[in-house]
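Reading through the structure tokens given below for one structure.
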Amino acid sequence: MILIVGASGHLGSIVAQSLLAQGKPVRVMTRTPLNLAHLKQQGVEVVSGDLRDPASLLSACQGVEQVLAAAHALTGKGDNNPQTVDDAGNRQLIDAAKVAGVKHFVFISVMGASPNAPVEFSRIKYRTEEYLRASGLSFTIIRPSAFMDLWAQLIGQPILKQRKTTIFGRGNNPVNFVAV
């Protein structure tokens, strides 16, 4: 069984569909199970859980061989924010995976994660990477750059609506896009 945390997001939902197409048993954890009813209809086990609730994490990890941690709260509000989700929440998920005997943990980080990154979100992701490295779990850390399919929307939608867009940096920086 493979647990995906963050299956209501772009990457997590595509990975869930791909694993399903390969005939792999998939469980997804979400705060809002009704939003993933379409996955349940396709044979995915949908469980209720929250990265801020350690008991729900342990329950979600039971009987799981692999975990994909793709959730984030970069744009979250209130108590759904990078500190409670990306920092504390992912650490709690790593702890739950270890207690449940998960064999492999895949963590989706960010390009440029480091202890001295200029962006707090990147520093948080780095701290989680370090926590995972020290956990004793077998793991993979992925630091994707910009997702091509999302970047096109980010740049393209304003062009279509306002005939202008914002380019980050000087506008001549190379970006190695990835596609899911």
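As shown in the structure tokens, the chain order sets the letters A, B, ...; within each chain, residues go from 1, and ligands are also counted from 1 in the order they appear.
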> Hey, what does DSSP flag as alpha helix (DSSP H) within region 4-153 of chain A? Can you give it to me as a PyMOL selection string?
Replying inline: chain A and resi 10-21+37-41+54-61+90-100+120-134+148-153
>> Write out as a PyMOL selection string the set of residues from region 20-61 of chain A that DSSP, computed on the backbone, places in strand (DSSP E or B).
In response: chain A and resi 26-30+45-48
> Which is closer to Ser59 (chain A) than all the others in A:Arg27, A:Lys103, A:Gly112, A:Gly76, using only C-alpha atoms?
Replying inline: A:Arg27
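With only C-alpha atoms as the basis for measurement, A:Ala7 is the residue among A:Ala69, A:Ala7, A:Val119, A:Ile14 that approaches Pro33 (chain A) most closely.
If you look at CA of Val64 (chain A) and CA of Val102 (chain A), they are 5.9 Å away from each other.
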> Could you pull the residues within 6 Å of Met29 (chain A), counting only C-alpha atoms, minus those fewer than 4 positions along the same chain, as a PyMOL selection string?
Replying inline: chain A and resi 5+47-49
Write out the residues from the selection above, keeping N, CA and C atoms, as an mmCIF file, in the first residue's frame.
data_model
loop_
_atom_site.group_PDB
_atom_site.id
_atom_site.type_symbol
_atom_site.label_atom_id
_atom_site.label_comp_id
_atom_site.auth_asym_id
_atom_site.auth_seq_id
_atom_site.Cartn_x
_atom_site.Cartn_y
_atom_site.Cartn_z
ATOM 1 N N VAL A 5 0.052 11.784 0.818
ATOM 2 C CA VAL A 5 -0.416 12.912 1.613
ATOM 3 C C VAL A 5 -0.249 14.140 0.721
ATOM 4 N N VAL A 47 -8.787 8.287 3.249
ATOM 5 C CA VAL A 47 -8.916 8.379 4.701
ATOM 6 C C VAL A 47 -8.830 9.841 5.133
ATOM 7 N N SER A 48 -9.513 10.131 6.206
ATOM 8 C CA SER A 48 -9.495 11.481 6.761
ATOM 9 C C SER A 48 -8.279 11.634 7.665
ATOM 10 N N GLY A 49 -7.586 12.744 7.506
ATOM 11 C CA GLY A 49 -6.422 13.006 8.342
ATOM 12 C C GLY A 49 -5.924 14.412 8.133
#
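Nearest to Ala71 (chain A) of all the residues A:Ala113, A:Ile4, A:Val15, A:Ala134 is A:Ile4, based on only C-alpha atoms.
Shortest atom-to-atom contact with Asp86 (chain A) among A:Lys24, A:Leu39, A:Val44, A:Gly6: A:Gly6, counting only C-alpha atoms.
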>> Please compute the CA of Glu120 (chain A)-CA of Pro82 (chain A) distance, one decimal, in Å.
In response: 8.8 Å
